[in-house]
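Enquirer: A single structure is presented below for examination.
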Amino acid sequence: MEIELIEIRDFIAQHPPFDTLDETALNNLPKKLTIRYFRQGSVFPDALVETKSLYIVRTGAIELRNEHEQLIDKLAEGDIYLVDEQVDKFSNKLKGICVEDSLVYLLGYEDLALLQNQYSEFNRQFNQSINERLRHAVELTQSADMRDLSAMKLEVSGLTDRLPVIVDAATTIQDAAILMTSEHVSSILVTSKDKLVGLLTDRDIRTRCVATGLGYAESVSNIMSKELETVLDKTLLSDALLSMTRKKIHHLPVMKGNKPIGILTTSDVIRHLSTSPTLIATDIYKANSVDALKKISALLPELQLQLSLSSATAKHIGEVFSSITDAITCRLLELAEKLYGAAPVDYVWAAGGSQARNEQTSHTDQDNALIISDKLQPEHDEYFKKLADFVCDGLDACGYIYCPGDAMASNSQWRQPLKIWIKNFSHWINSPEPKALMLSSIFFDLRPVYGTFSLFNQLQDTVLKQTKKNELFISHMVGNALTHQPPLGFFRNFVMVQDDKHKHTLDIKHRGVVPIVDIARVIALDNGINATNTVERLDAAFECNALSAEMHGNLIDALEYIGSLRIRHQAKQIRAGLSPDNYLPPDELTGLEKNHLKDSFSIIKTMQQFFESRYPSSSMR
Amino acid sequence: MLTALLGKNYARRQLLKKTTSAVMKEYLQKPFPNKKDLISDIEIVSLDFETTGLNPEKDSIVSIGLVKISKLGINLQSSSHQLISTNENLPETSVVIHQITDNQLANGINIDAALPNLLKILSGKVLLAHNMKTELGFINKMCHKLYGTDFIIPVIDTQFLAKRSFERQGRPYKNNELRLFNLRQSFNMPAYKAHNALMDAIATAELFLAMVQKMSPENNARLSDFLS
Amino acid sequence: MELTTLTYLFVGTTFALYIGIAIWARASTTSEFYVAGKGIHPVANGMATAADWMSAASFISMAGLIAFNGYGASVFLMGWTGGYVLLALLLAPYLRKFGKFTVPEFIGERYYSRTARVVAVICLILASITYVIGQMKGIGVAFSRFLETDYDTGLYIGMGIVFIYSVLGGMKGITYTQIAQYCVLIFAYTVPAIFISLNITGNPIPQLGILSTMAEGNTYMMDKLNLVVSELGFNEYTTQVLGSKLNMFAYTLTLMIGTAGLPHVIIRFFTVPKVKDARATAGWALVFIAILYTTAPAVGSMARLNLMNTIQTGPVGEVTANIEYENRPQWFKNWESTGLLKFEDKNGDGRIQYYNDKNADFAAKADSFGWKGNEMVKVDRDIMVLANPEIANLPNWVIALVVAGGLAAALSTAAGLLLAIASSISHDLLKGIFRPDISEREELMAGRIAMAGAIAMAGYFGLHPPDFAAGTVAIAFGLAASSIFPALMMGIFNKKVNRTGAIAGMITGISITMLYVFQHKGIMFIPGTSFLGDMSPSWFFGISPNAFGCVGALANFAVAIGVSKMTAPVPDHIQHLVEDIRIPAGSGAATEH
């Protein structure tokens with residue numbers, strides 16, 4: 001080979017399954033590759049690539065999604081991906097979307113086959129990695145409504161939340177024990193000349209010192225475990241877990257280069273696994289009392305933290321939390337029906353606000369409504385009141401606090417037969433008073449959760465028919481959507497929150513997320529779009545030409561960007577033991593991030609100005 | 001002037017009539033790609049010379065690295081790295097930069113032998129280089145010396161493209177930002193440790209692919225969008 | 001304090017007030033998510049509507065018109081008030097029920113035709129731009145006086161301010177700003193009127209002042225004015241009419257039905273969410289408009305009297321009874337510098353003679369006094385309200401206040417109209433017809449360019465005015481009257497009118513009106529291009545171009561109904577739609593309130 005291509009060879013040689021190849025094969029490999037570059041957002045395979053090839057990611061990141069747009073896997077540096085319609089039908093339906101600019105090496109199918117034939121270990125590992133992805137993908141499709149967030153894809157560094165306690169090898173056993181007690185840890189690392197040489201646990205002190213009668217003044221090097229198994233910070237949790245179980249060890253030092261940055265313990269892993277969304281959902285459906293549900297929902301902040309560490313998107317996290325709230329709501333309704341008997345007439349429980357939009361974060365207040373069949377008799381009201389109270393109280397107990405505006409099914413106003421709902425909506429649409437507009441963000445975002453969905457569909461059809469191209473109503477809605485403006489001053493400076501409690505912060509919910517949500521709602525109602533999720537509304541608006549391609553892309557990017565900052569900010573707060581809020585101090589951002597955020601805000605500003613000029617009367621309030 | 005108006009293919013035909021050299025005739029025989037062709041249909045050769053200095057009159061070529069791009073893929077199969085032997089001793093500075101020693105150079109072939117090969121590869125293609133002045137200058141000088149004629153080829157220059165992009169955005173830039181290394185960094189591309197003609201040619205080719213994608217995510221750009 | 005300083009202070013303060021209110025109104029709504037605002041009280045909303053409604057024409061020009069045209073100018077009062085009532089009762093409730101409040105949207109839907117919509121947009125843009133010309137002129141006058149520059153410079157500055165004011169958009173429409181504007185405006189209008197009324201008649205209420213006797217002596221004020229003007233050969237004030245009785249009638253009608261179709265007015269009826277409040281708002285607005293409109297005749301006539309008395313200090317014919325030019329009052333000098341007041345010493349006696357030299361009888365008499373023609377070669381009627389306090393020797397702060405009031409009136413209306421124009425051009429025309437794939441950013445930019453274009457065009461006509469400000473506005477009303485109003489009326493009340501009829505009707509109406517205006521006033525108002533001359537004898541039935549809109553409207557009705565009879569009938573679903581609109585609000589379950 002050309003010695004000059006050694007960099008490419010070295011890169012390939014580091015990554016499985018290529019690391020099993022011998023020198024000759026590795027040296028010949030670079031010459032067989034084609035390099036391609038994919039810009040962020042581009043989709044492959046594209047027309048320019050041969051259909052049968054192996055992709056090796058050199059830099060960048062690629063998401064694999066199935067035909068339902070579900071995330072199957074995320075490829076990063078060194079990951080491989082085979083595009084081949086003949087070999088498996090499944091990955092044929094997958095498409096790769098570059099989420100970062102990516103440089104990719106392509107290996108032709110014939111060259112790959114040659115390697116597979118020649119090197120059995122390579123072949124075995126290769127098939128394994130491809131099969132794993134396949135199986136993963138199939139599992140995902142089977143549990144369609146609950147997307148597993150590849151919790152196992154989390155890097156171990158995300159689980160070790162404190163720096164390890166380290167002592168020198170010459171330290172006495174007693175000093176080490178004192179240190180462990182004061183630091184409240186059950187294990188410490190031992191170094192010698194800055195090199196990690198061993199690990200000392202409570203158990204070691206018990207079995208190798210106390211039980212054997214060794215003097216406390218001896219150095220720790222006598223009783224510590226040597227020849228340590230370690231993992232790198234970037235190791236996936238699944239791999240770490242594998243080596244822990246295989247080697248029957250409970251403590252695993254996590255290294256960043258040569259430096260220990262933490263200790264992964266089995267209890268960390270168990271704690272993590274118990275909060276994976278799939279497990280939580282299963283637990284919810286098994287729960288038999290409000291208390292049981294309460295216990296489960298206590299895990300939600302932890303889940304939010306982990307999801308944000310696993311680099312899930314803000315949209316994704318919103319979907320997970322909304323579906324968990326859905327599950328809790330459904331379970332509560334089932335419990336209520338068990339308690340009070342089956343409903344006398346048909347009804348549907350509908351969620352409002354962020355839950356309806358699939359945009360919830362761990363704990364928000366509850367907004368909901370009960371739409372009952374027109375067959376409702378006065379004597380039935382008692383039943384539905386008990387049902388609604390049970391569910392609303394249950395949700396409150398689970399951390400979804402009562403709606404401050406009392407927009408809940410327990411309020412008789414929002415527990416009505418279909419015809420009254422239709423009348424209410426007609427009234428709001430024809431007389432868009434401030435109160436109606438206030439309710440709009442809750443009730444114009446409504447999604448059926450449990451019961452007879454057709455009741456809801458009838459309501460939605462009637463409503464959309466009345467709002468579609470209704471200038472009077474839309475103009476008032478636009479006016480309402482303009483009340484929350486992005487915190488961007490005249491000179492592209494940030495406008496900080498004024499009150500003392502949140503001084504020098506940006507309210508990224510009300511002045512970042514809400515304006516986009518409001519605008520998407522207006523567009524949806526104006527065009528009779530029945531989606532509730534903001535991104536889906538924008539997509540639908542784009543499809544029916546109510547939104548230009550440029551603005552569509554920009555708004556979605558802005559929403560996701562602000563959403564991701566919000567998630568990160570909240571994760572930081574949860575980790576620090578604070579309750580998460582939406583007040584982001586700009587100091588938390590780098591210069592580039594500030595710039596991105598400003599760009600996002602100015603997109604919102606442009607969109608608002610557009611609507612203001614489109615409906616000049618909207619600001620006449 | 002006329003060349004500018006009528007295009008490189010016109011100039012190529014004129015030159016073909018004039019030249020007497022067989023090597024040059026063969027090189028010029030093949031028409032250059034049409035300017036209106038899709039960039040993804042164009043065959044491009046990314047070329048990098050390591051030289052003893054920047055002046056073609058005084059300095060000489062030390063090594064030639066090249067790789068072909070077709071269908072917007074860099075075909076490493078086509079990559080080649082050729083050391084060129086020279087009679088003079090290497091100046092100290094370029095030894096440091098290129099990590100090539102006189103000893104290695106002894107393995108090289110003479111430029112007189114290397115040039116026909118290079119022209120064969122370049123025939124009918126588009127040349128890609130980062131700061132084309134060096135590469136073009138040296139080839140031109142060699143062609144004059146060996147075949148007594150001008151050298152001509154359509155050129156894409158990543159440095160020129162970067163400069164143009166900055167200027168179009170109305171963004172001031174430092175000369176430093178136009179360096180291959182820094183431009184690659186701005187596209188999130190890996191930094192290569194090795195500094196040899198082939199890796200530089202590959203690095204330039206990669207940068208070019210990134211620029212194409214940036215300019216036209218749908219791959220519908222034309223060759224004329226990139227030519228210098 | 002110096003007048004200039006005071007003016008800067010007043011104008012500056014009021015502007016700061018508007019901007020402050022705009023910012024406050026926006027900021028205050030962000031936090032109170034679960035506390036729905038109570039909405040705006042109909043009284044407040046009525047004030048805002050009144051501010052929107054009363055343009056520079058109402059504030060600056062109407063009193064000027066009355067001052068010089070006397071009783072004849074009452075058509076403006078009747079027309080505008082009547083139009084407002086017509087809109088409130090006849091059109092707004094039905095349009096509201098239809099859920100559309102931009103006229104092109106309604107017409108496009110009702111006549112199931114994009115062409116009809118485009119025609120409506122074009123008619124509206126024409127009418128609106130003409131209306132803006134009037135505002136620009138008013139702004140020019142106010143700025144030239146305020147900054148003490150000539151009128152042209154004042155206009156240029158005004159154009160710039162209007163552009164910034166409209167593009168920054170946010171501050172224009174907020175109801176609270178408009179309430180403030182109304183307060184400034186009505187205060188600025190009535191305070192000098194009260195002072196002057198006190199001066200002349202001793203009665204502090206101007207509306208009563210004009211009906212009472214002079215402060216000195218027992219003559220009724222109106223009689224006195226009649227005497228003063230007729231002595232100088234002008235028409236008697238209280239009997240002066242605009243052309244024939246028919247012309248008066250046509251003029252009033254045109255103003256009435258033209259008013260009803262203008263975009264910025266219709267929109268106001270829909271900013272109130274509840275139908276009941278909308279009615280109350282309309283009522284209050286009428287009250288607030290009436291305060292100014294009923295004061296206007298007093299301001300006009302008293303201003304005229306003061307003006308005449310300033311120049312003609314004694315009995316007509318006595319040499320010393322005419323004021324010497326050297327001794328002319330300060331306000332005379334001020335307004336001379338704007339170019340809106342011009343004196344030319346025709347007989348070289350150094351004194352000012354102001355009389356009607358077109359009156360043959362009096363001209364002969366004037367000759368005998370040694371007068372060589374009217375020496376007040378230019379008295380722009382638009383300066384009357386602004387100059388009034390100066391003529392009456394009122395304190396400086398009153399003068400400053402009036403300038404601020406004039407600006408408030410002109411800016412609020414101009415900005416509203418320009419936004420409507422920008423939105424029509426960028427959305428209805430550009431996005432609707434020419435470039436459906438235009439992005440929001442481009443549409444926004446197109447709107448701003450359209451706005452700048454409209455301002456430039458209005459500015460051009462402001463520099464080369466086709467007539468005095470209110471006259472220009474009257475033409476705008478004429479265009480709207482002949483095109484929009486009939487289409488709206490038939491859209492609501494005649495389900496048989498089809499799209500072909502409506503389009504033909506609108507085109508006929510506006511064409512006839514424009515043709516008539518152009519042939520008398522010059523093509524695009526360019527002097528010298530008129531082919532019939534702006535003279536009463538060549539007027540059709542003696543109807544002036546300004547009043548011709550109602551004839552255009554009649555033609556519109558006739559053509560639309562005629563053509564509809566001959567072409568394909570209106571589709572069933574549209575006919576049902578029209579029937580639905582006409583069911584009174586409140587009778588259907590869906591419209592209960």
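Residues in the structure tokens are named by chain (A, B, ... in the order shown) and by number from 1 within that chain; ligands are numbered from 1 in the order shown.
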As number ranges by chain, could you give me every residue of chain A near chain C (at most 8 Å apart, counting only C-alpha atoms)?
Expert: A: 404-405, 423, 426-427, 430-435, 438, 470-473, 476, 483-484, 510, 545, 547-551, 606-607, 609-610, 613-621
Enquirer: Neighbouring residues of Tyr220 of chain C were defined as those with any atom within 12 Å, considering only C-alpha atoms; residues of the same chain fewer than 5 positions away were excluded. Please report them as a ChimeraX atom specification.
Expert: /C:200-202,208-215,225-227
Enquirer: For the residues selected in the previous step, produce a file with N, CA and C atoms as a compact mmCIF listing (two decimals), in the first residue's frame.
Expert:
```
# COMPACT_ATOMS: atom_id res chain seq x y z
N ILE C 200 -64.66 85.58 20.58
CA ILE C 200 -65.55 86.19 19.60
C ILE C 200 -66.96 86.36 20.14
N THR C 201 -67.46 85.28 20.78
CA THR C 201 -68.87 85.34 21.17
C THR C 201 -69.08 85.37 22.67
N GLY C 202 -68.05 85.09 23.43
CA GLY C 202 -68.22 85.07 24.87
C GLY C 202 -68.82 83.76 25.37
N LEU C 208 -72.26 76.16 20.44
CA LEU C 208 -73.28 77.16 20.72
C LEU C 208 -72.82 78.53 20.27
N GLY C 209 -71.49 78.73 20.31
CA GLY C 209 -70.90 80.03 19.97
C GLY C 209 -71.33 80.52 18.60
N ILE C 210 -71.31 79.60 17.64
CA ILE C 210 -71.61 80.07 16.29
C ILE C 210 -73.08 80.49 16.15
N LEU C 211 -73.89 80.05 17.09
CA LEU C 211 -75.31 80.41 17.01
C LEU C 211 -75.61 81.65 17.85
N SER C 212 -74.62 82.12 18.61
CA SER C 212 -74.92 83.25 19.50
C SER C 212 -74.44 84.58 18.93
N THR C 213 -74.61 85.60 19.74
CA THR C 213 -74.26 86.94 19.29
C THR C 213 -72.79 87.20 19.56
N MET C 214 -72.25 88.22 18.89
CA MET C 214 -70.86 88.59 19.09
C MET C 214 -70.65 89.11 20.50
N ALA C 215 -69.47 88.95 20.99
CA ALA C 215 -69.17 89.42 22.35
C ALA C 215 -69.37 90.93 22.46
N LEU C 225 -70.39 87.31 10.01
CA LEU C 225 -69.50 86.65 9.04
C LEU C 225 -70.03 86.84 7.63
N ASN C 226 -71.34 86.62 7.45
CA ASN C 226 -71.96 86.85 6.15
C ASN C 226 -71.66 88.24 5.64
N LEU C 227 -71.77 89.21 6.55
CA LEU C 227 -71.57 90.60 6.19
C LEU C 227 -70.12 90.83 5.74
```
Enquirer: Residues within 7 Å of segment 149-154 of chain B, please, as a PDB file with N, CA, C and O atoms, in the first residue's frame. Count only C-alpha atoms; anything in the same chain fewer than 4 positions from it doesn't count.
Expert:
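This went into around05.pdb:
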```pdb
ATOM      1  N   LYS B   8     -12.385  26.802 -22.799  1.00  0.00           N
ATOM      2  CA  LYS B   8     -11.146  26.045 -22.759  1.00  0.00           C
ATOM      3  C   LYS B   8     -11.051  25.056 -23.924  1.00  0.00           C
ATOM      4  O   LYS B   8      -9.971  24.774 -24.406  1.00  0.00           O
ATOM      5  N   THR B  19       0.770  22.238 -31.567  1.00  0.00           N
ATOM      6  CA  THR B  19       1.817  21.467 -30.885  1.00  0.00           C
ATOM      7  C   THR B  19       2.388  20.363 -31.771  1.00  0.00           C
ATOM      8  O   THR B  19       1.720  19.809 -32.644  1.00  0.00           O
ATOM      9  N   VAL B 126     -10.947  17.454 -15.113  1.00  0.00           N
ATOM     10  CA  VAL B 126     -10.873  18.767 -14.482  1.00  0.00           C
ATOM     11  C   VAL B 126      -9.870  18.653 -13.350  1.00  0.00           C
ATOM     12  O   VAL B 126      -9.847  17.659 -12.628  1.00  0.00           O
ATOM     13  N   LEU B 127      -9.023  19.660 -13.211  1.00  0.00           N
ATOM     14  CA  LEU B 127      -7.994  19.634 -12.170  1.00  0.00           C
ATOM     15  C   LEU B 127      -8.522  20.299 -10.905  1.00  0.00           C
ATOM     16  O   LEU B 127      -9.145  21.361 -10.973  1.00  0.00           O
ATOM     17  N   ASN B 140       3.043  23.975 -15.994  1.00  0.00           N
ATOM     18  CA  ASN B 140       3.219  24.856 -17.140  1.00  0.00           C
ATOM     19  C   ASN B 140       4.700  24.999 -17.482  1.00  0.00           C
ATOM     20  O   ASN B 140       5.116  24.895 -18.635  1.00  0.00           O
ATOM     21  N   CYS B 143       5.970  21.787 -19.012  1.00  0.00           N
ATOM     22  CA  CYS B 143       5.498  21.587 -20.374  1.00  0.00           C
ATOM     23  C   CYS B 143       6.288  22.447 -21.353  1.00  0.00           C
ATOM     24  O   CYS B 143       6.633  22.019 -22.442  1.00  0.00           O
ATOM     25  N   HIS B 144       6.538  23.683 -20.932  1.00  0.00           N
ATOM     26  CA  HIS B 144       7.342  24.569 -21.793  1.00  0.00           C
ATOM     27  C   HIS B 144       8.719  23.985 -22.027  1.00  0.00           C
ATOM     28  O   HIS B 144       9.223  23.958 -23.141  1.00  0.00           O
ATOM     29  N   LEU B 227     -15.793  26.375 -11.489  1.00  0.00           N
ATOM     30  CA  LEU B 227     -14.546  26.657 -12.200  1.00  0.00           C
ATOM     31  C   LEU B 227     -13.974  27.997 -11.798  1.00  0.00           C
ATOM     32  O   LEU B 227     -14.698  28.939 -11.510  1.00  0.00           O
TER      33      LEU B 227
END
```
Enquirer: I need the alpha helix (DSSP H) residues of segment 477-600 of chain A per DSSP on the backbone, written as an MDAnalysis selection string.
Expert: chainID A and resid 477:481 514:526 534:543 549:575 591:600
Enquirer: If DSSP is run on the backbone, what residues of segment 421-592 of chain A are strand (DSSP E)? A reply as a ChimeraX atom specification would be ideal.
Expert: /A:446-451,506-507,583-584
Enquirer: Near chain A, meaning an atom within 10 Å, which residues of chain B appear when counting only C-alpha atoms? Write them as a ChimeraX atom specification.
Expert: /B:40-41,65,68-82,187-190,192-200,202,205-214,216-219
Enquirer: Just want the 7 Å neighbourhood of segment 131-143 of chain C, counted on only C-alpha atoms, with same-chain residues fewer than 2 positions away dropped. Output as a PyMOL selection string.
Expert: chain C and resi 55-57+60+127-129+145-147+151+154-155+158+403+406-407+410+414+458-459+461-462+469-470+472-473+476
Enquirer: Name all residues at most 6 Å from Leu506 of chain A (count only C-alpha atoms; drop same-chain ones fewer than 4 positions away) and give them as a list in words.
Expert: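 Skipping anything fewer than 4 positions along the chain leaves Met496, Val497, Tyr583 and Leu584 of chain A.
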Enquirer: Can I get the selected residues back with N, CA and C atoms, as a compact mmCIF listing (two decimals), in the first residue's frame?
Expert:
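Output file again29.txt follows:
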```txt
# COMPACT_ATOMS: atom_id res chain seq x y z
N MET A 496 -33.45 40.30 28.98
CA MET A 496 -33.51 39.39 30.12
C MET A 496 -34.82 39.55 30.90
N VAL A 497 -35.13 38.50 31.65
CA VAL A 497 -36.29 38.56 32.53
C VAL A 497 -36.05 39.63 33.59
N TYR A 583 -35.97 29.05 32.90
CA TYR A 583 -35.21 30.30 32.88
C TYR A 583 -33.74 30.01 32.63
N LEU A 584 -33.32 30.27 31.43
CA LEU A 584 -31.96 29.92 31.02
C LEU A 584 -31.04 31.14 31.19
```
Enquirer: Work out how far apart atom CA of Val449 of chain A and atom CA of Lys375 of chain A are and give it in Å to one decimal.
Expert: 20.7 Å
Enquirer: Tell me which protein, DNA and RNA residues are within 9 Å of Lys195 of chain A, counting only C-alpha atoms, leaving out same-chain ones fewer than 4 positions away, and put them as a VMD selection string.
Expert: chain A and resid 190 to 191 258 to 259
